[in-house]
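> So that we are looking at the same thing, I have put the structure below in structure tokens.
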Amino acid sequence: MDQAPLQVKLVPYTIDSIVDNTNETPEGVSLIQAPVTWEESDQGEGIVIAVIDTGVETDHPDLKDQIIGGRNFTTDHNGDPDIYEDNNGHGTHVTGTVAASLNNDGVVGVAPKAKILSLKVLSGEGSGDYEWIINAINYAVDWRGSQNERVRVISMSLGGPHDVPELHKAIQNAINNDVSVVVAAGNEGDGREDTFEYSYPGSYNEVIQVGAVSNDLKLATFTNSNTEIDLVAPGVEVVSTYLDNKYASLSGTSMAAPHVAGALALIINLSEKRFGRSLIEAEIYAQLVRRTLPLGFRKSSEGNGFLLLNLVEKIQEIINIARINVTKD
């Protein structure tokens with residue numbers, strides 16, 4: 001008898017509330033100091049982020065101008081590769097956190113001028129074959145836009161218990177092609193820092209694995225702890241876009257990862273402007289790690305610390321003040 005294919009599932013999440021409308025900069029976007037970097041980073045303009053998830057609501061007012069393309073790898077929508085509409089809600093929420101437009105209505109994402117390549121790999125029920133994920137990663141790496149744009153960041157808020165060599169190989173190929181891969185850590189945490197929970201692809205060393213904290217910078221009780229956590233970001237009561245042109249507050253490491261994916265768009269623009277050249281993936285990762293603030297938790301829980309985009313500038317400001325004071329003395 002044929003063995004059923006291994007499956008990847010959405011990182012579980014909690015729906016806190018759903019509303020018809022809102023007009024706010026989500027607290028998490030402000031907390032990581034995204035808005036203060038928008039001018040110098042051009043709000044992520046020119047950067048394409050592939051969101052590998054349940055698809056996206058293409059006519060949502062905060063997202064319709066952000067989508068540069070997409071593809072369906074699932075059997076949903078009769079398997080039509082050109083229909084990547086979200087029939088779950090998760091992908092639409094994640095996409096909004098990454099790049100919802102700055103239009104004085106609804107919500108705004110971390111990188112409001114970045115573009116989204118929406119790759120549907122999970123069904124309406126929130127599960128998908130590993131083959132779909134692998135094909136989507138490879139598609140993202142090979143994709144080129146009409147102006148020869150390419151994907152610089154992949155965001156995945158999904159995972160499974162199996163270490164699949166083909167999946168690992170696809171991720172390594174992405175990294176070798178200078179595509180940063182951001183993955184949610186998972187929500188199997190038990191609130192203890194001395195036990196580890198591993199999920200794939202998050203546990204691969206090559207990816208940027210993101211844990212979750214609350215808006216008061218406390219470690220979320222559900223966030224996974226393991227030896228491959230890279231950093232933490234807001235993941236509790238995150239407000240973003242949702243189905244039927246609505247908005248929702250959701251909680252989970254699924255909500256933390258897109259903060260980092262959007263931040264990378266800003267960091268890439270900031271850093272490449274300063275260096276005057278394109279940076280490879282390892283250099284982009286180094287720039288990301290420079291913008292983290294340790295919170296005092298174990299490394300297996302917070303990695304390098306909390307994402308804080310303006311940290312480098314704040315440190316430089318403190319140094320300059322110290323120099324002035326020394327000169328005065």
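Following the order of the structure tokens, chains are lettered A, B, ..., residues in each are numbered from 1, and ligands are numbered from 1.
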Could you list, as a list in words, every residue within 8 Å of Thr22 in chain A, counting only C-alpha atoms and ignoring same-chain residues fewer than 6 positions away?

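Counting only C-alpha atoms, the residues come to Asp105, Gly106, Val107 and Tyr247 of chain A.
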
> For range 169-256 of chain A versus range 36-55 of chain A, which residues have an atom no more than 12 Å away, and what is each residue's nearest atom pair and distance in Å rounded to one decimal, using only C-alpha atoms, chain-then-number order, as a Markdown table?


```
| residue | atom | partner | partner_atom | distance |
| --- | --- | --- | --- | --- |
| A:Ala174 | CA | A:Ala50 | CA | 11.7 |
| A:Val179 | CA | A:Ile49 | CA | 9.4 |
| A:Ser180 | CA | A:Ile49 | CA | 9.5 |
| A:Val181 | CA | A:Ala50 | CA | 9.4 |
| A:Val182 | CA | A:Val51 | CA | 9.8 |
| A:Val183 | CA | A:Ile52 | CA | 10.0 |
| A:Ala184 | CA | A:Asp53 | CA | 11.7 |
| A:Tyr242 | CA | A:Gly55 | CA | 11.6 |
| A:Leu243 | CA | A:Gly55 | CA | 11.0 |
| A:Ser254 | CA | A:Asp53 | CA | 10.2 |
```

> If you run DSSP on the backbone here, which positions in range 130-268 of chain A get helix (DSSP H, G or I)? Please write them as a ChimeraX atom specification.

/A:130-142,165-176,253-268

> A:Val8, A:Val19, A:Leu308, A:Val153: which is nearest Thr241 in chain A, counting only C-alpha atoms?

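Looking at the shortest contact to Thr241 in chain A, the residue is A:Val19.
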
> Contacts of Gly69 in chain A at 9 Å or less, counting only C-alpha atoms, minus same-chain residues fewer than 5 places along, as a list of chain:residue names?

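Near Gly69 in chain A, the qualifying residues are A:Lys115, A:Ile116, A:Leu117, A:Ser118, A:Leu119, A:Gly145.
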
> Would you mind exporting the chosen residues as a PDB file, in the first residue's frame, restricted to C-alpha atoms?


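Heads up, here's the output in out.pdb:
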```
ATOM      1  CA  LYS A 115       6.072  43.986  -3.494  1.00  0.00           C
ATOM      2  CA  ILE A 116       4.594  40.564  -2.734  1.00  0.00           C
ATOM      3  CA  LEU A 117       4.914  37.363  -4.747  1.00  0.00           C
ATOM      4  CA  SER A 118       2.122  35.237  -3.250  1.00  0.00           C
ATOM      5  CA  LEU A 119       2.770  31.503  -3.495  1.00  0.00           C
ATOM      6  CA  GLY A 145       9.427  40.144 -12.921  1.00  0.00           C
TER       7      GLY A 145
END
```

> As a short mmCIF file (atom, residue, chain, number, x, y, z; two decimals) with C-alpha atoms, in the first residue's frame, please: the residues near Asp16 in chain A (cut-off 10 Å, only C-alpha atoms, same-chain neighbours under 2 positions excluded).


```
data_model
loop_
_atom_site.label_atom_id
_atom_site.label_comp_id
_atom_site.auth_asym_id
_atom_site.auth_seq_id
_atom_site.Cartn_x
_atom_site.Cartn_y
_atom_site.Cartn_z
CA TYR A 13 -2.42 30.59 15.57
CA THR A 14 -5.17 32.18 17.64
CA ILE A 18 -12.04 40.35 13.55
CA VAL A 236 0.81 38.49 20.23
CA GLU A 237 -2.42 40.26 19.24
CA VAL A 238 -1.00 41.40 15.90
CA VAL A 239 -3.49 43.42 13.83
CA ALA A 248 -8.02 40.70 12.43
CA SER A 249 -5.91 40.42 15.55
CA LEU A 250 -4.03 37.10 15.56
CA SER A 251 -1.39 35.58 17.84
#
```

> I'd like the neighbourhood of range 221-232 of chain A as a short mmCIF file (atom, residue, chain, number, x, y, z; two decimals) with all heavy atoms, in the first residue's frame, where a residue qualifies if any of its atoms comes within 10 Å (using only C-alpha atoms), though same-chain residues fewer than 5 positions away should be ignored.


```
data_model
loop_
_atom_site.label_atom_id
_atom_site.label_comp_id
_atom_site.auth_asym_id
_atom_site.auth_seq_id
_atom_site.Cartn_x
_atom_site.Cartn_y
_atom_site.Cartn_z
N PRO A 12 0.24 26.86 14.08
CA PRO A 12 -1.05 27.19 14.69
C PRO A 12 -1.09 28.64 15.19
O PRO A 12 -0.08 29.20 15.58
CB PRO A 12 -1.14 26.21 15.88
CG PRO A 12 -0.22 25.11 15.53
CD PRO A 12 0.89 25.73 14.74
N TYR A 13 -2.28 29.21 15.14
CA TYR A 13 -2.42 30.59 15.57
C TYR A 13 -3.78 30.79 16.21
O TYR A 13 -4.69 29.98 16.03
CB TYR A 13 -2.25 31.56 14.39
CG TYR A 13 -3.28 31.39 13.29
CD1 TYR A 13 -4.39 32.24 13.20
CD2 TYR A 13 -3.16 30.38 12.34
CE1 TYR A 13 -5.33 32.09 12.20
CE2 TYR A 13 -4.10 30.21 11.34
CZ TYR A 13 -5.18 31.08 11.27
OH TYR A 13 -6.12 30.91 10.28
N VAL A 182 12.99 33.45 5.85
CA VAL A 182 12.49 33.71 7.20
C VAL A 182 11.39 32.70 7.51
O VAL A 182 10.46 32.51 6.73
CB VAL A 182 11.92 35.13 7.30
CG1 VAL A 182 11.42 35.41 8.72
CG2 VAL A 182 12.97 36.16 6.90
N VAL A 183 11.50 32.05 8.69
CA VAL A 183 10.55 30.99 9.05
C VAL A 183 10.09 31.17 10.49
O VAL A 183 10.90 31.48 11.38
CB VAL A 183 11.20 29.59 8.89
CG1 VAL A 183 10.19 28.50 9.21
CG2 VAL A 183 11.72 29.41 7.47
N ALA A 184 8.80 30.97 10.74
CA ALA A 184 8.26 31.01 12.09
C ALA A 184 8.78 29.82 12.90
O ALA A 184 8.91 28.71 12.38
CB ALA A 184 6.73 30.97 12.05
N ALA A 185 9.08 30.07 14.18
CA ALA A 185 9.66 29.03 15.03
C ALA A 185 8.68 27.91 15.35
O ALA A 185 9.06 26.76 15.52
CB ALA A 185 10.18 29.65 16.32
N GLY A 186 7.39 28.24 15.44
CA GLY A 186 6.40 27.24 15.83
C GLY A 186 5.79 27.56 17.18
O GLY A 186 6.37 28.30 17.99
N ASN A 187 4.62 27.01 17.42
CA ASN A 187 3.85 27.32 18.63
C ASN A 187 3.65 26.12 19.54
O ASN A 187 2.61 26.02 20.20
CB ASN A 187 2.46 27.88 18.24
CG ASN A 187 2.54 29.20 17.52
OD1 ASN A 187 3.62 29.75 17.34
ND2 ASN A 187 1.41 29.71 17.11
N GLU A 188 4.63 25.23 19.57
CA GLU A 188 4.52 24.07 20.45
C GLU A 188 5.18 24.31 21.80
O GLU A 188 5.33 23.40 22.60
CB GLU A 188 5.14 22.83 19.79
CG GLU A 188 4.41 22.33 18.56
CD GLU A 188 4.76 23.10 17.31
OE1 GLU A 188 5.92 23.54 17.18
OE2 GLU A 188 3.87 23.28 16.46
N GLY A 189 5.58 25.53 22.07
CA GLY A 189 6.27 25.85 23.32
C GLY A 189 5.38 25.60 24.53
O GLY A 189 4.16 25.73 24.46
N ASP A 190 6.03 25.26 25.64
CA ASP A 190 5.29 24.96 26.87
C ASP A 190 5.53 26.01 27.94
O ASP A 190 5.20 25.82 29.12
CB ASP A 190 5.69 23.58 27.41
CG ASP A 190 7.19 23.42 27.64
OD1 ASP A 190 7.91 24.45 27.54
OD2 ASP A 190 7.63 22.30 27.92
N GLY A 191 6.11 27.14 27.54
CA GLY A 191 6.36 28.21 28.50
C GLY A 191 7.64 28.02 29.30
O GLY A 191 8.00 28.87 30.11
N ARG A 192 8.34 26.92 29.08
CA ARG A 192 9.60 26.65 29.77
C ARG A 192 10.76 26.86 28.82
O ARG A 192 10.70 26.49 27.64
CB ARG A 192 9.62 25.21 30.29
CG ARG A 192 8.57 24.91 31.35
CD ARG A 192 8.55 23.43 31.67
NE ARG A 192 9.88 22.94 32.04
CZ ARG A 192 10.16 21.64 32.22
NH1 ARG A 192 9.21 20.72 32.04
NH2 ARG A 192 11.37 21.27 32.56
N GLU A 193 11.83 27.45 29.33
CA GLU A 193 12.99 27.71 28.48
C GLU A 193 13.99 26.55 28.48
O GLU A 193 14.96 26.58 27.72
CB GLU A 193 13.70 28.98 28.95
CG GLU A 193 12.91 30.26 28.70
CD GLU A 193 13.77 31.49 28.94
OE1 GLU A 193 14.58 31.82 28.05
OE2 GLU A 193 13.64 32.10 30.01
N ASP A 194 13.75 25.54 29.32
CA ASP A 194 14.72 24.44 29.42
C ASP A 194 14.29 23.23 28.61
O ASP A 194 14.91 22.17 28.70
CB ASP A 194 14.94 24.05 30.88
CG ASP A 194 13.65 23.66 31.59
OD1 ASP A 194 12.56 23.90 31.03
OD2 ASP A 194 13.74 23.10 32.71
N THR A 195 13.20 23.33 27.83
CA THR A 195 12.81 22.25 26.93
C THR A 195 12.79 22.79 25.51
O THR A 195 12.45 23.95 25.27
CB THR A 195 11.41 21.70 27.30
OG1 THR A 195 10.46 22.77 27.26
CG2 THR A 195 11.43 21.08 28.69
N PHE A 196 13.16 21.94 24.55
CA PHE A 196 13.29 22.36 23.16
C PHE A 196 12.21 21.74 22.29
O PHE A 196 11.83 20.58 22.48
CB PHE A 196 14.67 21.97 22.60
CG PHE A 196 15.82 22.70 23.25
CD1 PHE A 196 17.11 22.26 23.06
CD2 PHE A 196 15.61 23.84 24.02
CE1 PHE A 196 18.19 22.92 23.64
CE2 PHE A 196 16.67 24.51 24.62
CZ PHE A 196 17.96 24.05 24.43
N GLU A 197 11.73 22.52 21.33
CA GLU A 197 10.75 22.05 20.35
C GLU A 197 11.29 22.38 18.96
O GLU A 197 11.63 23.54 18.68
CB GLU A 197 9.38 22.72 20.54
CG GLU A 197 8.79 22.56 21.94
CD GLU A 197 9.28 23.60 22.95
OE1 GLU A 197 9.73 24.68 22.49
OE2 GLU A 197 9.24 23.32 24.17
N TYR A 198 11.38 21.38 18.11
CA TYR A 198 11.94 21.56 16.77
C TYR A 198 10.88 21.35 15.70
O TYR A 198 10.07 20.42 15.78
CB TYR A 198 13.10 20.59 16.53
CG TYR A 198 14.33 20.91 17.34
CD1 TYR A 198 14.53 20.35 18.59
CD2 TYR A 198 15.29 21.79 16.85
CE1 TYR A 198 15.66 20.65 19.34
CE2 TYR A 198 16.43 22.10 17.59
CZ TYR A 198 16.61 21.52 18.83
OH TYR A 198 17.73 21.80 19.58
N SER A 199 10.88 22.24 14.71
CA SER A 199 9.98 22.14 13.57
C SER A 199 10.78 22.48 12.32
O SER A 199 11.74 23.28 12.38
CB SER A 199 8.81 23.12 13.75
OG SER A 199 7.96 23.10 12.63
N GLY A 202 12.00 25.53 10.03
CA GLY A 202 12.54 26.50 10.96
C GLY A 202 13.84 26.09 11.62
O GLY A 202 14.67 26.95 11.94
N SER A 203 14.03 24.80 11.83
CA SER A 203 15.21 24.34 12.56
C SER A 203 16.45 24.17 11.69
O SER A 203 17.51 23.81 12.21
CB SER A 203 14.89 23.02 13.27
OG SER A 203 13.91 23.23 14.27
N TYR A 204 16.32 24.41 10.39
CA TYR A 204 17.52 24.38 9.56
C TYR A 204 18.38 25.60 9.88
O TYR A 204 17.88 26.73 9.99
CB TYR A 204 17.16 24.38 8.08
CG TYR A 204 16.48 23.11 7.61
CD1 TYR A 204 15.33 23.17 6.84
CD2 TYR A 204 16.99 21.86 7.94
CE1 TYR A 204 14.70 22.02 6.39
CE2 TYR A 204 16.36 20.70 7.51
CZ TYR A 204 15.22 20.79 6.74
OH TYR A 204 14.60 19.64 6.31
N ASN A 205 19.67 25.39 10.00
CA ASN A 205 20.59 26.47 10.38
C ASN A 205 20.57 27.62 9.37
O ASN A 205 20.77 28.77 9.73
CB ASN A 205 22.01 25.91 10.51
CG ASN A 205 23.02 26.99 10.85
OD1 ASN A 205 23.73 27.49 9.98
ND2 ASN A 205 23.07 27.37 12.11
N GLU A 206 20.30 27.31 8.11
CA GLU A 206 20.40 28.33 7.06
C GLU A 206 19.28 29.37 7.12
O GLU A 206 19.43 30.49 6.61
CB GLU A 206 20.38 27.67 5.67
CG GLU A 206 21.60 26.84 5.36
CD GLU A 206 21.48 25.39 5.86
OE1 GLU A 206 20.50 25.06 6.57
OE2 GLU A 206 22.37 24.59 5.52
N VAL A 207 18.13 29.01 7.70
CA VAL A 207 17.01 29.94 7.71
C VAL A 207 17.11 30.91 8.89
O VAL A 207 17.89 30.70 9.83
CB VAL A 207 15.64 29.21 7.76
CG1 VAL A 207 15.56 28.14 6.69
CG2 VAL A 207 15.36 28.63 9.14
N ILE A 208 16.33 31.96 8.84
CA ILE A 208 16.21 32.91 9.95
C ILE A 208 14.95 32.52 10.70
O ILE A 208 13.83 32.76 10.24
CB ILE A 208 16.12 34.36 9.43
CG1 ILE A 208 17.38 34.71 8.62
CG2 ILE A 208 15.91 35.33 10.59
CD1 ILE A 208 17.26 36.00 7.83
N GLN A 209 15.13 31.87 11.86
CA GLN A 209 14.00 31.35 12.62
C GLN A 209 13.57 32.39 13.66
O GLN A 209 14.39 32.89 14.44
CB GLN A 209 14.38 30.04 13.32
CG GLN A 209 13.18 29.39 14.02
CD GLN A 209 13.53 28.11 14.75
OE1 GLN A 209 12.66 27.36 15.15
NE2 GLN A 209 14.81 27.83 14.94
N VAL A 210 12.27 32.69 13.67
CA VAL A 210 11.75 33.80 14.46
C VAL A 210 10.79 33.31 15.55
O VAL A 210 9.79 32.65 15.26
CB VAL A 210 11.02 34.82 13.57
CG1 VAL A 210 10.62 36.05 14.39
CG2 VAL A 210 11.89 35.22 12.38
N GLY A 211 11.10 33.65 16.80
CA GLY A 211 10.20 33.40 17.91
C GLY A 211 9.35 34.63 18.19
O GLY A 211 9.51 35.67 17.56
N ALA A 212 8.42 34.50 19.12
CA ALA A 212 7.45 35.57 19.37
C ALA A 212 7.54 36.13 20.79
O ALA A 212 7.77 35.39 21.75
CB ALA A 212 6.03 35.06 19.12
N VAL A 213 7.33 37.44 20.88
CA VAL A 213 7.17 38.11 22.17
C VAL A 213 5.90 38.95 22.11
O VAL A 213 5.37 39.24 21.05
CB VAL A 213 8.38 39.02 22.51
CG1 VAL A 213 9.64 38.21 22.72
CG2 VAL A 213 8.58 40.09 21.43
N SER A 214 5.41 39.33 23.28
CA SER A 214 4.25 40.20 23.38
C SER A 214 4.69 41.65 23.18
O SER A 214 5.88 41.95 23.10
CB SER A 214 3.58 40.04 24.74
OG SER A 214 4.49 40.39 25.77
N SER A 251 -2.59 35.83 17.02
CA SER A 251 -1.39 35.58 17.84
C SER A 251 -0.71 34.29 17.39
O SER A 251 -1.38 33.30 17.09
CB SER A 251 -1.77 35.47 19.32
OG SER A 251 -2.28 36.69 19.81
N GLY A 252 0.62 34.31 17.35
CA GLY A 252 1.40 33.13 16.98
C GLY A 252 2.75 33.54 16.44
O GLY A 252 2.95 34.71 16.06
N THR A 253 3.68 32.60 16.38
CA THR A 253 4.96 32.92 15.75
C THR A 253 4.77 33.17 14.26
O THR A 253 5.61 33.80 13.62
CB THR A 253 6.00 31.80 15.97
OG1 THR A 253 5.49 30.56 15.49
CG2 THR A 253 6.37 31.66 17.44
N SER A 254 3.64 32.70 13.71
CA SER A 254 3.27 33.03 12.33
C SER A 254 3.22 34.54 12.12
O SER A 254 3.48 35.03 11.02
CB SER A 254 1.89 32.46 11.99
OG SER A 254 1.95 31.11 11.69
N ALA A 256 4.97 36.73 14.00
CA ALA A 256 6.29 37.31 14.27
C ALA A 256 7.17 37.28 13.02
O ALA A 256 7.86 38.27 12.71
CB ALA A 256 6.96 36.56 15.42
N ALA A 257 7.16 36.17 12.30
CA ALA A 257 8.05 36.01 11.14
C ALA A 257 7.87 37.10 10.08
O ALA A 257 8.87 37.63 9.58
CB ALA A 257 7.85 34.62 10.52
N HIS A 259 7.08 40.18 10.41
CA HIS A 259 7.73 41.42 10.85
C HIS A 259 9.20 41.42 10.40
O HIS A 259 9.72 42.45 9.96
CB HIS A 259 7.68 41.55 12.38
CG HIS A 259 6.36 42.00 12.93
ND1 HIS A 259 5.36 41.11 13.26
CD2 HIS A 259 5.86 43.24 13.20
CE1 HIS A 259 4.31 41.79 13.72
NE2 HIS A 259 4.59 43.07 13.69
N VAL A 260 9.84 40.27 10.52
CA VAL A 260 11.25 40.17 10.14
C VAL A 260 11.41 40.19 8.62
O VAL A 260 12.32 40.83 8.09
CB VAL A 260 11.89 38.90 10.74
CG1 VAL A 260 13.33 38.72 10.26
CG2 VAL A 260 11.84 38.97 12.27
N TYR A 285 22.15 39.09 6.59
CA TYR A 285 21.89 38.49 7.91
C TYR A 285 22.69 39.22 8.99
O TYR A 285 22.17 39.50 10.08
CB TYR A 285 22.25 37.01 7.90
CG TYR A 285 22.06 36.34 9.24
CD1 TYR A 285 20.78 36.06 9.72
CD2 TYR A 285 23.15 36.01 10.04
CE1 TYR A 285 20.59 35.47 10.96
CE2 TYR A 285 22.98 35.42 11.28
CZ TYR A 285 21.70 35.15 11.73
OH TYR A 285 21.51 34.56 12.96
N LEU A 288 20.97 42.34 9.86
CA LEU A 288 19.79 42.07 10.68
C LEU A 288 20.17 41.85 12.14
O LEU A 288 19.56 42.44 13.05
CB LEU A 288 19.06 40.83 10.14
CG LEU A 288 17.90 40.30 10.98
CD1 LEU A 288 16.74 41.29 11.01
CD2 LEU A 288 17.43 38.94 10.44
N VAL A 289 21.17 41.02 12.37
CA VAL A 289 21.59 40.70 13.73
C VAL A 289 22.07 41.95 14.47
O VAL A 289 21.88 42.09 15.68
CB VAL A 289 22.67 39.60 13.71
CG1 VAL A 289 23.30 39.42 15.08
CG2 VAL A 289 22.07 38.29 13.24
N ARG A 291 20.77 44.64 14.39
CA ARG A 291 19.56 45.38 14.80
C ARG A 291 18.69 44.52 15.71
O ARG A 291 17.49 44.40 15.52
CB ARG A 291 18.81 45.82 13.55
CG ARG A 291 19.57 46.88 12.75
CD ARG A 291 19.02 47.06 11.35
NE ARG A 291 19.62 48.23 10.70
CZ ARG A 291 20.77 48.21 10.04
NH1 ARG A 291 21.47 47.08 9.94
NH2 ARG A 291 21.24 49.31 9.48
N THR A 292 19.32 43.93 16.70
CA THR A 292 18.59 43.16 17.70
C THR A 292 19.02 43.60 19.09
O THR A 292 20.18 43.98 19.30
CB THR A 292 18.85 41.64 17.56
OG1 THR A 292 20.26 41.39 17.58
CG2 THR A 292 18.25 41.09 16.28
N LEU A 293 18.08 43.53 20.01
CA LEU A 293 18.32 43.94 21.39
C LEU A 293 18.06 42.77 22.33
O LEU A 293 16.93 42.30 22.42
CB LEU A 293 17.40 45.10 21.77
CG LEU A 293 17.49 45.61 23.20
CD1 LEU A 293 18.83 46.31 23.43
CD2 LEU A 293 16.33 46.57 23.51
N PRO A 294 19.09 42.24 23.02
CA PRO A 294 18.88 41.13 23.95
C PRO A 294 17.88 41.53 25.04
O PRO A 294 17.96 42.63 25.60
CB PRO A 294 20.27 40.87 24.52
CG PRO A 294 21.21 41.39 23.49
CD PRO A 294 20.53 42.59 22.90
N LEU A 295 16.97 40.62 25.35
CA LEU A 295 15.94 40.89 26.36
C LEU A 295 16.21 40.17 27.68
O LEU A 295 15.47 40.36 28.64
CB LEU A 295 14.57 40.47 25.82
CG LEU A 295 14.08 41.21 24.57
CD1 LEU A 295 12.74 40.65 24.12
CD2 LEU A 295 13.99 42.71 24.80
N ARG A 298 16.96 33.15 27.62
CA ARG A 298 17.99 32.24 27.11
C ARG A 298 18.12 32.40 25.60
O ARG A 298 17.16 32.73 24.90
CB ARG A 298 17.64 30.79 27.45
CG ARG A 298 17.71 30.47 28.94
CD ARG A 298 17.58 28.98 29.15
NE ARG A 298 17.59 28.64 30.57
CZ ARG A 298 17.62 27.40 31.04
NH1 ARG A 298 17.62 26.37 30.19
NH2 ARG A 298 17.64 27.17 32.34
N LYS A 299 19.33 32.12 25.08
CA LYS A 299 19.56 32.19 23.64
C LYS A 299 18.64 31.24 22.90
O LYS A 299 18.24 31.50 21.76
CB LYS A 299 21.02 31.89 23.31
CG LYS A 299 22.01 32.92 23.83
CD LYS A 299 21.81 34.26 23.18
CE LYS A 299 22.86 35.27 23.62
NZ LYS A 299 22.62 36.62 23.04
N SER A 300 18.29 30.13 23.53
CA SER A 300 17.41 29.16 22.88
C SER A 300 15.97 29.66 22.78
O SER A 300 15.15 29.04 22.11
CB SER A 300 17.43 27.83 23.65
OG SER A 300 17.11 28.04 25.02
N SER A 301 15.67 30.76 23.43
CA SER A 301 14.34 31.35 23.36
C SER A 301 14.31 32.62 22.53
O SER A 301 13.38 32.84 21.76
CB SER A 301 13.82 31.68 24.76
OG SER A 301 13.62 30.51 25.53
N GLU A 302 15.36 33.46 22.67
CA GLU A 302 15.34 34.74 21.97
C GLU A 302 16.43 34.89 20.92
O GLU A 302 16.43 35.88 20.18
CB GLU A 302 15.47 35.89 22.96
CG GLU A 302 16.84 36.01 23.62
CD GLU A 302 16.99 37.33 24.38
OE1 GLU A 302 16.01 38.08 24.46
OE2 GLU A 302 18.10 37.58 24.89
N GLY A 303 17.34 33.91 20.81
CA GLY A 303 18.43 34.03 19.85
C GLY A 303 19.26 35.27 20.14
O GLY A 303 19.73 35.48 21.25
N ASN A 304 19.39 36.14 19.13
CA ASN A 304 20.17 37.37 19.29
C ASN A 304 19.40 38.47 20.00
O ASN A 304 19.98 39.47 20.40
CB ASN A 304 20.65 37.87 17.93
CG ASN A 304 21.67 36.94 17.30
OD1 ASN A 304 22.83 36.92 17.69
ND2 ASN A 304 21.22 36.13 16.35
N GLY A 305 18.07 38.30 20.10
CA GLY A 305 17.27 39.29 20.80
C GLY A 305 16.10 39.80 19.97
O GLY A 305 15.69 39.18 18.98
N PHE A 306 15.56 40.94 20.38
CA PHE A 306 14.36 41.52 19.78
C PHE A 306 14.73 42.41 18.59
O PHE A 306 15.66 43.21 18.66
CB PHE A 306 13.62 42.36 20.83
CG PHE A 306 12.38 43.04 20.32
CD1 PHE A 306 11.23 42.31 20.04
CD2 PHE A 306 12.37 44.41 20.11
CE1 PHE A 306 10.10 42.95 19.55
CE2 PHE A 306 11.25 45.05 19.64
CZ PHE A 306 10.09 44.31 19.37
N LEU A 307 13.98 42.26 17.50
CA LEU A 307 14.20 43.07 16.30
C LEU A 307 13.94 44.55 16.60
O LEU A 307 12.85 44.93 17.02
CB LEU A 307 13.26 42.60 15.19
CG LEU A 307 13.19 43.46 13.93
CD1 LEU A 307 14.54 43.49 13.23
CD2 LEU A 307 12.10 42.93 12.99
N LEU A 308 14.96 45.39 16.38
CA LEU A 308 14.83 46.82 16.63
C LEU A 308 15.58 47.55 15.51
O LEU A 308 16.79 47.70 15.55
CB LEU A 308 15.41 47.17 18.00
CG LEU A 308 14.97 48.48 18.63
CD1 LEU A 308 13.45 48.51 18.84
CD2 LEU A 308 15.67 48.68 19.96
#
```

> Could you please write out, as an MDAnalysis selection string, every residue of range 80-281 of chain A that DSSP assigns to strand (DSSP E)?

chainID A and resid 106:107 115:120 127:129 151:156 158:159 180:184 208:213 229:234 238:242 246:251

> Which polymer residues have any atom within 8 Å of an atom of Val141 in chain A, counting only C-alpha atoms, with same-chain residues fewer than 3 positions away left out, as a ChimeraX atom specification?

/A:137-138,150-151,174,177,179

> How would the residues just picked look written out with N, CA, C and O atoms as a PDB file, in the first residue's frame?


```pdb
ATOM      1  N   ILE A 137       9.507  27.195  -3.265  1.00  0.00           N
ATOM      2  CA  ILE A 137      10.801  27.809  -2.951  1.00  0.00           C
ATOM      3  C   ILE A 137      11.644  27.930  -4.220  1.00  0.00           C
ATOM      4  O   ILE A 137      12.227  28.985  -4.508  1.00  0.00           O
ATOM      5  N   ASN A 138      11.700  26.861  -4.985  1.00  0.00           N
ATOM      6  CA  ASN A 138      12.476  26.885  -6.228  1.00  0.00           C
ATOM      7  C   ASN A 138      11.903  27.889  -7.222  1.00  0.00           C
ATOM      8  O   ASN A 138      12.644  28.583  -7.932  1.00  0.00           O
ATOM      9  N   ARG A 150      13.697  40.378  -8.914  1.00  0.00           N
ATOM     10  CA  ARG A 150      13.847  39.042  -8.371  1.00  0.00           C
ATOM     11  C   ARG A 150      13.496  39.043  -6.898  1.00  0.00           C
ATOM     12  O   ARG A 150      13.495  40.093  -6.247  1.00  0.00           O
ATOM     13  N   VAL A 151      13.201  37.880  -6.369  1.00  0.00           N
ATOM     14  CA  VAL A 151      12.861  37.743  -4.959  1.00  0.00           C
ATOM     15  C   VAL A 151      14.118  37.887  -4.111  1.00  0.00           C
ATOM     16  O   VAL A 151      15.135  37.255  -4.383  1.00  0.00           O
ATOM     17  N   ALA A 174      18.222  28.496  -2.199  1.00  0.00           N
ATOM     18  CA  ALA A 174      17.760  29.876  -2.062  1.00  0.00           C
ATOM     19  C   ALA A 174      18.846  30.746  -1.438  1.00  0.00           C
ATOM     20  O   ALA A 174      19.142  31.844  -1.933  1.00  0.00           O
ATOM     21  N   ASN A 177      21.583  31.601  -3.656  1.00  0.00           N
ATOM     22  CA  ASN A 177      21.194  32.599  -4.641  1.00  0.00           C
ATOM     23  C   ASN A 177      20.859  33.939  -3.979  1.00  0.00           C
ATOM     24  O   ASN A 177      20.189  34.782  -4.573  1.00  0.00           O
ATOM     25  N   VAL A 179      18.921  34.730  -1.433  1.00  0.00           N
ATOM     26  CA  VAL A 179      17.550  34.959  -0.993  1.00  0.00           C
ATOM     27  C   VAL A 179      17.482  34.625   0.499  1.00  0.00           C
ATOM     28  O   VAL A 179      17.773  33.500   0.898  1.00  0.00           O
TER      29      VAL A 179
END
```

> Mind pulling up the distance from CA of Arg152 in chain A to CA of Glu272 in chain A?

12.7 Å

> Between CA of Ile268 in chain A and CA of Asn176 in chain A, what distance in Å does the model show, to one decimal?

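CA of Asn176 in chain A lies 16.7 Å from CA of Ile268 in chain A.
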
> Find the spatial neighbours of range 99-103 of chain A, counting only C-alpha atoms, within a cut-off of 10 Å - ignore same-chain residues fewer than 6 positions away - and output them as JSON, numbers by chain.

{"A": [23, 25, 43, 44, 49, 60, 61, 62, 63, 64, 65, 66, 67, 92, 93, 109, 110, 111, 112, 113, 114, 115, 116, 240, 241, 258, 259, 261, 262, 263, 265]}
